[in-house]
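Colleague: The file below is run.csv, CSV, C-alpha atoms and all ligand atoms:
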chain,number,residue,atom,x,y,z
A,232,MET,CA,-78.7,-55.8,0.7
A,233,LYS,CA,-81.7,-53.4,0.4
A,234,VAL,CA,-81.8,-51.5,-2.9
A,235,PHE,CA,-83.9,-48.4,-3.2
A,236,TYR,CA,-85.1,-47.6,-6.7
A,237,SER,CA,-87.9,-45.7,-8.4
A,238,ASP,CA,-89.2,-45.7,-12.0
A,239,VAL,CA,-89.9,-42.0,-11.7
A,240,CYS,CA,-86.1,-41.4,-11.9
A,241,LEU,CA,-86.4,-42.6,-15.5
A,242,LYS,CA,-88.6,-39.7,-16.5
A,243,HIS,CA,-85.6,-37.3,-16.9
A,244,ALA,CA,-84.4,-38.1,-20.4
A,245,PRO,CA,-82.9,-35.2,-22.3
A,246,GLN,CA,-82.5,-35.8,-26.0
A,247,TYR,CA,-79.0,-34.5,-26.2
A,248,GLU,CA,-76.0,-32.8,-24.6
A,249,ILE,CA,-73.0,-31.0,-26.1
A,250,LEU,CA,-69.9,-33.1,-25.5
A,251,SER,CA,-66.5,-31.9,-26.6
A,252,GLY,CA,-68.2,-29.5,-29.1
A,253,ASN,CA,-70.5,-32.1,-30.6
A,254,PHE,CA,-74.2,-32.8,-30.2
A,255,VAL,CA,-74.5,-36.3,-28.9
A,256,GLU,CA,-77.2,-38.5,-27.4
A,257,TYR,CA,-77.5,-37.9,-23.7
A,258,VAL,CA,-74.9,-40.1,-22.1
A,259,GLU,CA,-76.5,-40.3,-18.7
A,260,SER,CA,-79.5,-42.3,-20.0
A,261,PRO,CA,-82.4,-43.8,-18.0
A,262,SER,CA,-81.5,-47.3,-19.1
A,263,ARG,CA,-78.4,-47.2,-16.9
A,264,ILE,CA,-80.4,-47.8,-13.7
A,265,THR,CA,-83.0,-50.1,-15.3
A,266,LEU,CA,-80.2,-52.4,-16.5
A,267,ILE,CA,-78.7,-52.4,-13.0
A,268,LYS,CA,-82.1,-53.0,-11.3
A,269,GLU,CA,-83.0,-55.9,-13.5
A,270,HIS,CA,-79.7,-57.5,-13.0
A,271,LEU,CA,-79.8,-57.2,-9.2
A,272,SER,CA,-83.4,-58.5,-9.2
A,273,GLN,CA,-82.1,-61.8,-10.5
A,274,PHE,CA,-80.4,-62.4,-7.1
A,275,PRO,CA,-83.3,-62.1,-4.6
A,276,GLU,CA,-81.3,-63.9,-2.0
A,277,LYS,CA,-78.8,-61.1,-2.1
A,278,PHE,CA,-80.7,-58.0,-3.1
A,279,GLU,CA,-84.1,-56.8,-2.1
A,280,ILE,CA,-85.6,-54.0,-4.2
A,281,CYS,CA,-87.5,-51.6,-1.9
A,282,SER,CA,-89.8,-48.7,-2.6
A,283,HIS,CA,-89.2,-45.4,-0.9
A,284,LEU,CA,-91.1,-42.7,1.0
A,285,ASP,CA,-91.4,-39.0,0.3
A,286,TYR,CA,-89.6,-36.9,2.9
A,287,GLY,CA,-90.5,-33.6,1.3
A,288,LEU,CA,-88.3,-30.6,0.5
A,289,GLU,CA,-86.8,-30.0,4.0
A,290,PRO,CA,-83.8,-32.4,3.6
A,291,ILE,CA,-83.2,-31.0,0.1
A,292,LEU,CA,-83.3,-27.4,1.4
A,293,SER,CA,-80.8,-28.3,4.1
A,294,ILE,CA,-78.2,-28.3,1.3
A,295,HIS,CA,-79.6,-26.3,-1.6
A,296,ASP,CA,-80.6,-22.6,-1.8
A,297,ASN,CA,-84.3,-21.8,-2.1
A,298,ASP,CA,-83.9,-19.7,-5.2
A,299,TYR,CA,-82.1,-22.5,-7.0
A,300,ILE,CA,-84.8,-25.1,-6.1
A,301,GLU,CA,-87.4,-22.6,-7.4
A,302,TYR,CA,-85.4,-22.3,-10.6
A,303,LEU,CA,-85.2,-26.1,-11.1
A,304,LYS,CA,-89.0,-26.3,-10.6
A,305,THR,CA,-89.9,-23.5,-13.0
A,306,ALA,CA,-87.0,-23.3,-15.5
A,307,TYR,CA,-88.6,-25.4,-18.2
A,308,ILE,CA,-92.0,-23.7,-18.2
A,309,GLU,CA,-90.5,-20.2,-18.2
A,310,TRP,CA,-88.1,-21.2,-21.0
A,311,CYS,CA,-90.9,-22.5,-23.1
A,312,ASN,CA,-93.1,-19.4,-22.5
A,313,ASP,CA,-90.2,-17.4,-23.6
A,314,GLY,CA,-90.1,-19.3,-26.9
A,315,GLY,CA,-87.3,-21.7,-25.9
A,316,ASP,CA,-86.8,-25.0,-27.6
A,317,LYS,CA,-89.1,-27.8,-26.3
A,318,LYS,CA,-86.1,-30.1,-26.0
A,319,GLY,CA,-85.1,-28.3,-22.9
A,320,VAL,CA,-83.0,-25.6,-21.2
A,321,ILE,CA,-79.4,-25.3,-22.1
A,322,PRO,CA,-77.4,-22.2,-21.2
A,323,GLU,CA,-76.2,-19.7,-23.8
A,324,THR,CA,-73.9,-17.6,-21.7
A,325,PHE,CA,-72.2,-18.4,-18.3
A,326,LEU,CA,-71.8,-16.1,-15.4
A,327,HIS,CA,-68.0,-16.0,-15.6
A,328,LYS,CA,-66.1,-14.2,-13.0
A,329,GLY,CA,-64.0,-12.5,-15.7
A,330,ILE,CA,-67.0,-10.4,-16.9
A,331,LEU,CA,-68.2,-9.3,-13.5
A,332,ASN,CA,-65.6,-6.6,-12.7
A,333,SER,CA,-67.6,-3.7,-14.1
A,334,SER,CA,-71.0,-5.2,-14.1
A,335,LYS,CA,-73.6,-3.2,-12.2
A,336,LYS,CA,-76.5,-5.6,-12.8
A,337,ASN,CA,-78.3,-6.9,-9.8
A,338,LEU,CA,-77.6,-10.6,-10.1
A,339,LYS,CA,-80.4,-11.4,-7.7
A,340,ASN,CA,-82.9,-10.0,-10.1
A,341,ILE,CA,-82.2,-11.9,-13.3
A,342,LYS,CA,-85.4,-12.4,-15.2
A,343,SER,CA,-84.6,-13.8,-18.6
A,344,PRO,CA,-84.8,-17.7,-18.7
A,345,LEU,CA,-81.6,-17.7,-20.8
A,346,ALA,CA,-79.8,-15.6,-18.3
A,347,LYS,CA,-81.0,-17.8,-15.5
A,348,ALA,CA,-79.7,-20.9,-17.3
A,349,GLY,CA,-76.3,-19.3,-17.3
A,350,PHE,CA,-76.6,-18.3,-13.7
A,351,TYR,CA,-77.6,-21.7,-12.3
A,352,CYS,CA,-75.7,-24.1,-14.6
A,353,PHE,CA,-72.0,-24.5,-15.2
A,354,ASP,CA,-71.9,-26.7,-18.4
A,355,LEU,CA,-73.6,-28.0,-21.5
A,356,SER,CA,-74.4,-31.4,-20.2
A,357,CYS,CA,-77.2,-30.6,-17.8
A,358,CYS,CA,-80.3,-30.0,-19.9
A,359,ILE,CA,-83.5,-29.2,-18.0
A,360,THR,CA,-86.6,-30.9,-19.5
A,361,GLU,CA,-90.2,-31.0,-18.5
A,362,ASP,CA,-89.6,-33.9,-16.2
A,363,THR,CA,-86.2,-33.0,-14.8
A,364,TRP,CA,-87.4,-31.5,-11.5
A,365,GLU,CA,-89.7,-34.5,-10.8
A,366,ALA,CA,-87.0,-37.0,-11.5
A,367,SER,CA,-84.3,-35.1,-9.6
A,368,TYR,CA,-86.7,-34.8,-6.6
A,369,GLU,CA,-87.4,-38.5,-6.8
A,370,SER,CA,-83.7,-39.3,-7.0
A,371,ALA,CA,-83.1,-37.4,-3.8
A,372,GLN,CA,-86.1,-39.1,-2.1
A,373,VAL,CA,-84.8,-42.5,-3.1
A,374,CYS,CA,-81.5,-41.6,-1.5
A,375,ILE,CA,-83.0,-40.0,1.6
A,376,SER,CA,-85.1,-43.1,2.1
A,377,ALA,CA,-82.0,-45.3,1.8
A,378,ALA,CA,-80.3,-43.1,4.4
A,379,MET,CA,-83.3,-43.3,6.8
A,380,GLU,CA,-83.3,-47.1,6.4
A,381,LEU,CA,-79.6,-47.2,7.4
A,382,LEU,CA,-80.4,-45.1,10.4
A,383,LYS,CA,-83.2,-47.3,11.4
A,384,LEU,CA,-81.3,-50.6,11.0
A,385,THR,CA,-78.4,-49.2,13.0
A,386,SER,CA,-80.4,-47.5,15.8
A,387,GLU,CA,-80.0,-48.9,19.3
A,388,SER,CA,-83.7,-49.4,19.8
A,389,TYR,CA,-83.9,-51.5,16.6
A,390,LEU,CA,-80.8,-53.5,17.5
A,391,ASN,CA,-82.1,-54.2,21.0
A,392,GLU,CA,-85.5,-55.2,19.8
A,393,SER,CA,-84.4,-57.5,17.0
A,394,ASN,CA,-81.4,-59.1,18.7
A,395,TYR,CA,-79.9,-58.7,15.4
A,396,ILE,CA,-76.2,-59.7,15.0
A,397,ARG,CA,-74.1,-59.1,11.9
A,398,ASN,CA,-70.5,-60.0,11.3
A,399,SER,CA,-70.1,-57.8,8.3
A,400,PRO,CA,-71.0,-54.1,8.0
A,401,LEU,CA,-74.5,-53.2,6.9
A,402,GLY,CA,-74.9,-51.8,3.4
A,403,ILE,CA,-77.8,-50.1,1.6
A,404,PHE,CA,-77.8,-49.1,-2.0
A,405,ALA,CA,-79.6,-46.0,-3.4
A,406,LEU,CA,-80.0,-46.9,-7.1
A,407,CYS,CA,-81.0,-43.4,-8.2
A,408,ARG,CA,-80.5,-41.0,-11.1
A,409,PRO,CA,-79.9,-38.2,-12.0
A,410,PRO,CA,-76.6,-38.4,-10.1
A,411,GLY,CA,-75.5,-35.7,-7.7
A,412,HIS,CA,-71.8,-35.1,-6.9
A,413,HIS,CA,-71.2,-32.2,-9.3
A,414,ALA,CA,-74.2,-30.2,-8.1
A,415,ASN,CA,-73.5,-27.4,-5.7
A,416,ARG,CA,-75.8,-25.5,-3.4
A,417,ASN,CA,-77.0,-23.3,-6.2
A,418,VAL,CA,-75.7,-24.7,-9.5
A,419,CYS,CA,-76.3,-27.8,-11.6
A,420,GLY,CA,-73.8,-29.4,-14.0
A,421,GLY,CA,-72.3,-32.7,-15.1
A,422,TYR,CA,-75.7,-34.5,-15.3
A,423,CYS,CA,-76.3,-33.5,-11.6
A,424,TYR,CA,-79.1,-31.3,-10.2
A,425,LEU,CA,-79.5,-32.2,-6.6
A,426,ASN,CA,-76.5,-33.4,-4.6
A,427,ASN,CA,-77.9,-36.7,-3.3
A,428,ALA,CA,-74.7,-37.6,-1.4
A,429,ALA,CA,-74.6,-34.3,0.4
A,430,ILE,CA,-78.3,-34.4,1.3
A,431,ALA,CA,-78.0,-38.0,2.7
A,432,THR,CA,-74.8,-37.0,4.5
A,433,LYS,CA,-76.4,-34.1,6.3
A,434,LEU,CA,-79.3,-36.3,7.3
A,435,LEU,CA,-77.0,-39.0,8.6
A,436,ILE,CA,-74.9,-36.5,10.6
A,437,GLU,CA,-77.8,-34.8,12.2
A,438,ASN,CA,-79.9,-37.7,13.2
A,439,ASN,CA,-78.8,-38.6,16.6
A,440,LYS,CA,-77.4,-42.1,16.7
A,441,LYS,CA,-79.0,-43.1,20.0
A,442,ASP,CA,-82.4,-41.7,19.1
A,443,ASN,CA,-83.5,-41.7,15.5
A,444,ASN,CA,-86.4,-44.0,15.7
A,445,ASN,CA,-89.1,-41.8,17.2
A,446,ASN,CA,-88.5,-43.6,20.4
A,447,LYS,CA,-90.5,-41.7,23.1
A,448,GLU,CA,-88.6,-42.9,26.0
A,449,ASN,CA,-85.4,-41.6,24.5
A,450,ASN,CA,-86.9,-38.3,23.6
A,451,ASN,CA,-87.8,-37.6,27.2
A,452,ASP,CA,-84.4,-38.7,28.5
A,453,ASP,CA,-82.3,-35.6,29.4
A,454,ASN,CA,-79.2,-37.7,29.4
A,455,ASN,CA,-79.8,-38.7,25.9
A,456,ASN,CA,-76.7,-38.5,23.8
A,457,LYS,CA,-77.3,-35.7,21.3
A,458,GLU,CA,-73.9,-35.8,19.7
A,459,ASN,CA,-73.8,-35.7,15.9
A,460,ASN,CA,-72.7,-38.7,13.9
A,461,LYS,CA,-69.4,-38.6,12.2
A,462,LEU,CA,-69.3,-39.4,8.6
A,463,VAL,CA,-66.9,-40.2,5.7
A,464,ILE,CA,-67.9,-39.7,2.1
A,465,LEU,CA,-65.8,-41.8,-0.2
A,466,ASP,CA,-66.2,-40.7,-3.8
A,467,ILE,CA,-64.9,-43.3,-6.2
A,468,ASP,CA,-66.5,-41.9,-9.4
A,469,TYR,CA,-63.9,-41.2,-12.1
A,470,HIS,CA,-64.7,-37.5,-12.0
A,471,HIS,CA,-64.1,-35.2,-9.1
A,472,GLY,CA,-67.1,-34.5,-7.0
A,473,ASN,CA,-66.7,-30.7,-7.0
A,474,GLY,CA,-70.2,-30.1,-5.6
A,475,THR,CA,-69.8,-32.4,-2.6
A,476,GLN,CA,-66.3,-31.0,-1.9
A,477,ASP,CA,-67.4,-27.4,-2.0
A,478,ILE,CA,-70.6,-27.9,0.1
A,479,PHE,CA,-68.5,-29.3,3.0
A,480,TYR,CA,-65.2,-27.5,2.4
A,481,SER,CA,-65.1,-25.6,5.7
A,482,GLN,CA,-66.4,-28.4,7.9
A,483,SER,CA,-64.5,-31.1,9.7
A,484,ASN,CA,-67.5,-33.5,9.5
A,485,PRO,CA,-67.9,-35.1,7.0
A,486,LEU,CA,-64.4,-36.2,5.9
A,487,TYR,CA,-64.6,-36.0,2.1
A,488,VAL,CA,-62.2,-38.4,0.2
A,489,SER,CA,-62.2,-38.5,-3.6
A,490,LEU,CA,-60.2,-40.6,-6.0
A,491,HIS,CA,-60.4,-39.3,-9.5
A,492,GLU,CA,-58.6,-38.2,-12.7
A,493,SER,CA,-57.9,-34.6,-11.8
A,494,ASN,CA,-57.0,-33.4,-15.3
A,495,ASP,CA,-60.3,-34.5,-16.7
A,496,TYR,CA,-63.9,-33.0,-16.2
A,497,PRO,CA,-64.8,-30.8,-14.4
A,498,TYR,CA,-61.2,-29.5,-14.9
A,499,PHE,CA,-61.2,-26.6,-12.4
A,500,THR,CA,-61.4,-28.6,-9.2
A,501,GLY,CA,-59.9,-31.8,-7.7
A,502,ASP,CA,-56.3,-30.9,-7.2
A,503,GLU,CA,-54.6,-32.6,-4.2
A,504,SER,CA,-53.8,-29.2,-2.8
A,505,GLU,CA,-57.5,-28.7,-2.1
A,506,ILE,CA,-57.5,-29.8,1.5
A,507,GLY,CA,-60.3,-27.8,3.0
A,508,GLU,CA,-60.3,-24.5,4.9
A,509,GLY,CA,-61.0,-23.2,8.4
A,510,ASP,CA,-62.5,-26.0,10.5
A,511,GLY,CA,-62.5,-28.1,7.4
A,512,LYS,CA,-58.7,-27.9,6.9
A,513,GLY,CA,-57.4,-31.4,6.5
A,514,TYR,CA,-60.8,-32.9,6.0
A,515,ASN,CA,-60.9,-32.8,2.2
A,516,ILE,CA,-58.7,-35.3,0.6
A,517,ASN,CA,-58.3,-35.5,-3.2
A,518,ILE,CA,-56.3,-38.3,-4.7
A,519,SER,CA,-55.5,-37.9,-8.3
A,520,LEU,CA,-55.3,-40.9,-10.7
A,521,LYS,CA,-53.9,-41.2,-14.2
A,522,LYS,CA,-56.1,-42.7,-16.9
A,523,GLU,CA,-53.5,-45.5,-17.0
A,524,THR,CA,-54.4,-46.6,-13.5
A,525,VAL,CA,-54.9,-50.4,-13.3
A,526,ASP,CA,-56.6,-52.4,-10.6
A,527,ASP,CA,-53.6,-53.1,-8.4
A,528,GLU,CA,-52.5,-49.4,-8.4
A,529,TYR,CA,-56.0,-48.2,-7.7
A,530,LEU,CA,-56.5,-50.7,-4.8
A,531,GLU,CA,-53.1,-49.7,-3.4
A,532,LYS,CA,-54.1,-46.0,-3.3
A,533,LEU,CA,-57.5,-46.8,-1.8
A,534,LYS,CA,-56.0,-49.1,0.8
A,535,ILE,CA,-53.5,-46.4,1.9
A,536,VAL,CA,-56.2,-43.7,2.3
A,537,ILE,CA,-58.4,-46.2,4.2
A,538,GLN,CA,-55.6,-47.1,6.6
A,539,ASP,CA,-54.1,-43.6,7.1
A,540,LYS,CA,-57.2,-41.4,7.0
A,541,ILE,CA,-60.6,-43.1,6.9
A,542,ILE,CA,-60.2,-45.6,9.7
A,543,PRO,CA,-58.4,-43.1,12.1
A,544,TYR,CA,-61.2,-40.6,11.5
A,545,ASN,CA,-63.4,-43.0,13.5
A,546,ALA,CA,-66.7,-42.3,11.7
A,547,ASP,CA,-70.2,-43.7,12.5
A,548,PHE,CA,-71.2,-44.1,8.8
A,549,LEU,CA,-69.8,-44.3,5.4
A,550,VAL,CA,-71.4,-42.8,2.3
A,551,VAL,CA,-69.9,-44.1,-1.0
A,552,SER,CA,-70.5,-42.0,-4.1
A,553,LEU,CA,-70.5,-45.0,-6.3
A,554,GLY,CA,-69.4,-44.3,-9.9
A,555,VAL,CA,-68.1,-47.1,-12.0
A,556,ASP,CA,-66.9,-44.8,-14.8
A,557,THR,CA,-63.3,-45.7,-13.8
A,558,TYR,CA,-64.0,-48.8,-16.0
A,559,LYS,CA,-61.5,-49.5,-18.7
A,560,ASP,CA,-64.0,-49.0,-21.6
A,561,ASP,CA,-66.1,-46.3,-20.2
A,562,PRO,CA,-67.1,-43.9,-23.0
A,563,ILE,CA,-66.5,-40.6,-21.1
A,564,GLY,CA,-64.4,-41.7,-18.2
A,565,GLY,CA,-62.1,-44.6,-17.8
A,566,CYS,CA,-59.1,-45.6,-15.9
A,567,GLN,CA,-58.2,-49.2,-16.5
A,568,ILE,CA,-60.4,-50.8,-13.8
A,569,THR,CA,-61.8,-54.3,-14.8
A,570,THR,CA,-65.0,-55.9,-13.8
A,571,LEU,CA,-63.1,-58.2,-11.4
A,572,GLY,CA,-61.4,-55.1,-10.0
A,573,TYR,CA,-64.7,-53.8,-8.8
A,574,LYS,CA,-65.2,-56.9,-6.6
A,575,ARG,CA,-61.9,-56.1,-4.9
A,576,ILE,CA,-62.8,-52.5,-4.5
A,577,GLY,CA,-66.1,-53.6,-2.8
A,578,ASN,CA,-64.2,-55.9,-0.6
A,579,LEU,CA,-61.7,-53.2,0.5
A,580,ILE,CA,-64.6,-50.8,1.3
A,581,LYS,CA,-66.0,-53.6,3.5
A,582,SER,CA,-62.8,-53.6,5.4
A,583,ILE,CA,-63.6,-50.0,6.7
A,584,GLY,CA,-66.2,-51.8,8.8
A,585,LEU,CA,-68.8,-49.1,8.8
A,586,PRO,CA,-72.6,-49.1,8.0
A,587,THR,CA,-72.5,-47.9,4.4
A,588,LEU,CA,-74.8,-46.1,2.1
A,589,PHE,CA,-73.9,-46.6,-1.5
A,590,ILE,CA,-75.3,-43.9,-3.8
A,591,MET,CA,-75.3,-44.3,-7.6
A,592,GLU,CA,-73.2,-41.7,-9.4
A,593,GLY,CA,-71.6,-42.3,-12.9
A,594,GLY,CA,-70.8,-45.3,-15.0
A,595,TYR,CA,-71.7,-45.2,-18.7
A,596,HIS,CA,-70.5,-48.4,-20.4
A,597,LEU,CA,-74.0,-50.0,-20.7
A,598,GLU,CA,-72.8,-53.5,-21.5
A,599,THR,CA,-70.9,-54.0,-18.3
A,600,LEU,CA,-72.4,-51.4,-15.9
A,601,LYS,CA,-74.6,-53.9,-14.1
A,602,PHE,CA,-71.7,-56.3,-13.6
A,603,ASN,CA,-69.4,-53.6,-12.3
A,604,VAL,CA,-72.0,-52.3,-9.8
A,605,TYR,CA,-73.0,-55.9,-8.8
A,606,ASN,CA,-69.4,-56.6,-8.1
A,607,VAL,CA,-68.8,-53.6,-5.8
A,608,LEU,CA,-71.9,-54.5,-3.8
A,609,SER,CA,-71.3,-58.2,-3.6
A,610,GLY,CA,-67.6,-57.6,-2.8
A,611,PHE,CA,-68.8,-55.5,0.1
A,612,ASP,CA,-71.3,-58.2,1.3
A,613,GLU,CA,-69.2,-61.4,0.8
A,614,ASP,CA,-66.1,-62.7,2.5
A,615,GLU,CA,-63.4,-63.1,-0.1
B,701,LIG,C1,-70.9,-37.1,-14.3
B,701,LIG,B1,-70.4,-38.1,-13.3
B,701,LIG,C2,-65.8,-34.9,-20.6
B,701,LIG,C3,-67.3,-35.2,-20.5
B,701,LIG,C4,-68.1,-34.1,-19.8
B,701,LIG,C5,-70.0,-34.3,-18.4
B,701,LIG,C6,-69.5,-35.5,-17.5
B,701,LIG,C7,-70.3,-35.6,-16.2
B,701,LIG,C8,-69.9,-36.8,-15.4
B,701,LIG,N1,-65.1,-35.8,-21.4
B,701,LIG,N2,-69.4,-34.4,-19.7
B,701,LIG,O1,-69.3,-37.7,-12.5
B,701,LIG,O2,-70.2,-39.4,-13.8
B,702,ZN,ZN,-68.3,-39.6,-13.3
Show me, as structure tokens, the structure contained in the file I just sent.
Ligand code: OKP
Ligand code: ZN
Modeller:
Amino acid sequence: MKVFYSDVCLKHAPQYEILSGNFVEYVESPSRITLIKEHLSQFPEKFEICSHLDYGLEPILSIHDNDYIEYLKTAYIEWCNDGGDKKGVIPETFLHKGILNSSKKNLKNIKSPLAKAGFYCFDLSCCITEDTWEASYESAQVCISAAMELLKLTSESYLNESNYIRNSPLGIFALCRPPGHHANRNVCGGYCYLNNAAIATKLLIENNKKDNNNNKENNNDDNNNKENNKLVILDIDYHHGNGTQDIFYSQSNPLYVSLHESNDYPYFTGDESEIGEGDGKGYNINISLKKETVDDEYLEKLKIVIQDKIIPYNADFLVVSLGVDTYKDDPIGGCQITTLGYKRIGNLIKSIGLPTLFIMEGGYHLETLKFNVYNVLSGFDEDE
């Protein structure tokens, strides 16, 4: 399996966050992905670490608003120029809908860096440092490169030329951070700045499946099939992917499926009654878990949604928001999933039978993180 990874993702390293009212060391640490990368590197027959390309801002702006991107780029400098603490940008107030009834302020014209922080961020766990933009941009590029690779390896021209036959579905892993699934079009939160899964999804949907390899013959062919790809996002992070849900809430493609503890962070989203709206009605599926959920129960729920919803949807690609913070000892998440359980989860995802892009989201138990991720990926790649 090809693994996309970049050291630049390590540069984002806030010193702290405020967790349940306490100053704590930043939980989403750079070492998370170095530990995983080093572990996967020990199995060169299974994993190939690949470097990525730079696809620029266009794919990012297909999901995120211009003014938000401008904010992420400039927030730290403006904050420091305004006398802000060098450790980074953390909001002081939040734009809460309860204070807006009588406000006559033009919200498009907010100037103060403190006000902007409260406008573009929804919690206290998403500090913006000097390197945050560079690392987030890199995280998105790693993910975009992995998606492009998946398109390339599944394109008809590639398959014809290489006579390449596979029995099991193709998988690619974007080993990136900061993660993405809490980030919305114009707001960061929950360690997430750019929604990597949403960016990759949009790209995979819009690149025509019969012609994504700059194939000139195909470009000139009027009968060329220009239909969009259909895509499923399966979000197995312990937390609800509020950003991903919201971005695609009124679309029937992709189908968004999330298994999470819906009484935990981010608290205000993730209820099973959130089923999508308009064209998207029925295409947003939230499955709530209890903290007590053990391997067998988890696998049973996943199996049912795969059989009843994911397979009948008949997608071309699968994007997995891969969080392993459902692990039994995870410091901020944690159902009761075991390291062996992840192997079974990977194996069940394989049974969907689709070319799959795995994107790193959460998982914070540093001692076992690498084994849990390894197990999902090898469970996907092996017959067992
Ligand atoms: C990011 B991802 C609540 C902790 C809240 C932010 C958590 C962000 C999780 N106990 N802190 O989904 O793993
Ligand atoms: Zn999480």
Colleague: Neighbours of Asn312 of chain A within 12 Å (only C-alpha atoms; same-chain residues fewer than 6 positions away dropped), as a ChimeraX atom specification?
Modeller: /A:305-306,319-320,343-345
Colleague: Can you write out as JSON lines which residues of chain A fall within 7 Å of ligand ZN 702 (chain B), alongside each residue's closest atom pair and its distance in Å to one decimal, counting all atoms listed in the file and ordering rows by chain and ascending residue number?
Modeller:
{"residue": "A:Asp468", "atom": "CA", "partner": "B:ZN702", "partner_atom": "ZN", "distance": 4.9}
{"residue": "A:Tyr469", "atom": "CA", "partner": "B:ZN702", "partner_atom": "ZN", "distance": 4.8}
{"residue": "A:His470", "atom": "CA", "partner": "B:ZN702", "partner_atom": "ZN", "distance": 4.4}
{"residue": "A:Gly554", "atom": "CA", "partner": "B:ZN702", "partner_atom": "ZN", "distance": 5.9}
{"residue": "A:Asp556", "atom": "CA", "partner": "B:ZN702", "partner_atom": "ZN", "distance": 5.6}
{"residue": "A:Gly564", "atom": "CA", "partner": "B:ZN702", "partner_atom": "ZN", "distance": 6.6}
{"residue": "A:Glu592", "atom": "CA", "partner": "B:ZN702", "partner_atom": "ZN", "distance": 6.6}
{"residue": "A:Gly593", "atom": "CA", "partner": "B:ZN702", "partner_atom": "ZN", "distance": 4.3}
{"residue": "A:Gly594", "atom": "CA", "partner": "B:ZN702", "partner_atom": "ZN", "distance": 6.5}
Colleague: Mind dumping a table of every chain A residue within 8 Å of ligand LIG 701 (chain B), with the nearest atom pair and its distance in Å to one decimal, using only C-alpha atoms and all ligand atoms, sorted by chain and rising number, as a Markdown table?
Modeller:
| residue | atom | partner | partner_atom | distance |
| --- | --- | --- | --- | --- |
| A:Leu250 | CA | B:LIG701 | N2 | 6.0 |
| A:Ser251 | CA | B:LIG701 | N1 | 6.6 |
| A:Glu259 | CA | B:LIG701 | C1 | 7.8 |
| A:Asp354 | CA | B:LIG701 | C5 | 7.8 |
| A:Leu355 | CA | B:LIG701 | N2 | 7.9 |
| A:Ser356 | CA | B:LIG701 | C5 | 5.6 |
| A:Pro410 | CA | B:LIG701 | B1 | 7.0 |
| A:Gly411 | CA | B:LIG701 | B1 | 7.9 |
| A:His412 | CA | B:LIG701 | O1 | 6.7 |
| A:His413 | CA | B:LIG701 | O1 | 6.6 |
| A:Gly420 | CA | B:LIG701 | C7 | 7.5 |
| A:Gly421 | CA | B:LIG701 | C7 | 3.7 |
| A:Tyr422 | CA | B:LIG701 | C1 | 5.5 |
| A:Cys423 | CA | B:LIG701 | C1 | 7.0 |
| A:Asp468 | CA | B:LIG701 | O1 | 5.9 |
| A:Tyr469 | CA | B:LIG701 | O1 | 6.4 |
| A:His470 | CA | B:LIG701 | O1 | 4.6 |
| A:His471 | CA | B:LIG701 | O1 | 6.7 |
| A:Gly472 | CA | B:LIG701 | O1 | 6.7 |
| A:Asp495 | CA | B:LIG701 | C2 | 6.8 |
| A:Tyr496 | CA | B:LIG701 | C2 | 5.2 |
| A:Pro497 | CA | B:LIG701 | C4 | 7.1 |
| A:Gly554 | CA | B:LIG701 | O2 | 6.3 |
| A:Asp556 | CA | B:LIG701 | O2 | 6.4 |
| A:Ile563 | CA | B:LIG701 | N1 | 5.0 |
| A:Gly564 | CA | B:LIG701 | N1 | 6.7 |
| A:Glu592 | CA | B:LIG701 | O2 | 5.8 |
| A:Gly593 | CA | B:LIG701 | O2 | 3.3 |
| A:Gly594 | CA | B:LIG701 | O2 | 6.1 |
| A:Tyr595 | CA | B:LIG701 | O2 | 7.7 |
Colleague: Have a look at A:Ile506, A:Leu486, A:Leu520, A:Ile308 and name the one nearest to Pro543 of chain A; count only C-alpha atoms.
Modeller: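 Checking each candidate against Pro543 of chain A, we get A:Leu486 as the closest.
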Colleague: Report, in Å to a single decimal, how far apart atom CA of Ile518 of chain A and atom CA of Ser493 of chain A are.
Modeller: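 A separation of 8.2 Å between them.
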Colleague: What's the 10 Å shell around Ser282 of chain A, counting all atoms listed in the file, without same-chain residues fewer than 4 positions away, as a list in words?
Modeller: Lys233, Val234, Phe235, Tyr236, Ser237, Asp238, Val373, Ser376 and Ala377 of chain A
Colleague: Give me segment 326-330 of chain A with N, CA, C and O atoms filled in, as a PDB file, in the frame of the given file.
Modeller:
ATOM      1  N   LEU A 326     -72.209 -17.145 -16.294  1.00  0.00           N
ATOM      2  CA  LEU A 326     -71.800 -16.100 -15.400  1.00  0.00           C
ATOM      3  C   LEU A 326     -70.303 -16.355 -15.044  1.00  0.00           C
ATOM      4  O   LEU A 326     -70.011 -17.071 -14.107  1.00  0.00           O
ATOM      5  N   HIS A 327     -69.428 -15.804 -15.822  1.00  0.00           N
ATOM      6  CA  HIS A 327     -68.000 -16.000 -15.600  1.00  0.00           C
ATOM      7  C   HIS A 327     -67.420 -14.913 -14.793  1.00  0.00           C
ATOM      8  O   HIS A 327     -67.736 -13.741 -15.018  1.00  0.00           O
ATOM      9  N   LYS A 328     -66.555 -15.226 -13.855  1.00  0.00           N
ATOM     10  CA  LYS A 328     -66.100 -14.200 -13.000  1.00  0.00           C
ATOM     11  C   LYS A 328     -65.321 -13.076 -13.727  1.00  0.00           C
ATOM     12  O   LYS A 328     -65.287 -11.928 -13.307  1.00  0.00           O
ATOM     13  N   GLY A 329     -64.767 -13.429 -14.882  1.00  0.00           N
ATOM     14  CA  GLY A 329     -64.000 -12.500 -15.700  1.00  0.00           C
ATOM     15  C   GLY A 329     -64.879 -11.340 -16.294  1.00  0.00           C
ATOM     16  O   GLY A 329     -64.335 -10.338 -16.746  1.00  0.00           O
ATOM     17  N   ILE A 330     -66.200 -11.488 -16.331  1.00  0.00           N
ATOM     18  CA  ILE A 330     -67.000 -10.400 -16.900  1.00  0.00           C
ATOM     19  C   ILE A 330     -67.741  -9.604 -15.804  1.00  0.00           C
ATOM     20  O   ILE A 330     -68.559  -8.739 -16.081  1.00  0.00           O
TER      21      ILE A 330
END
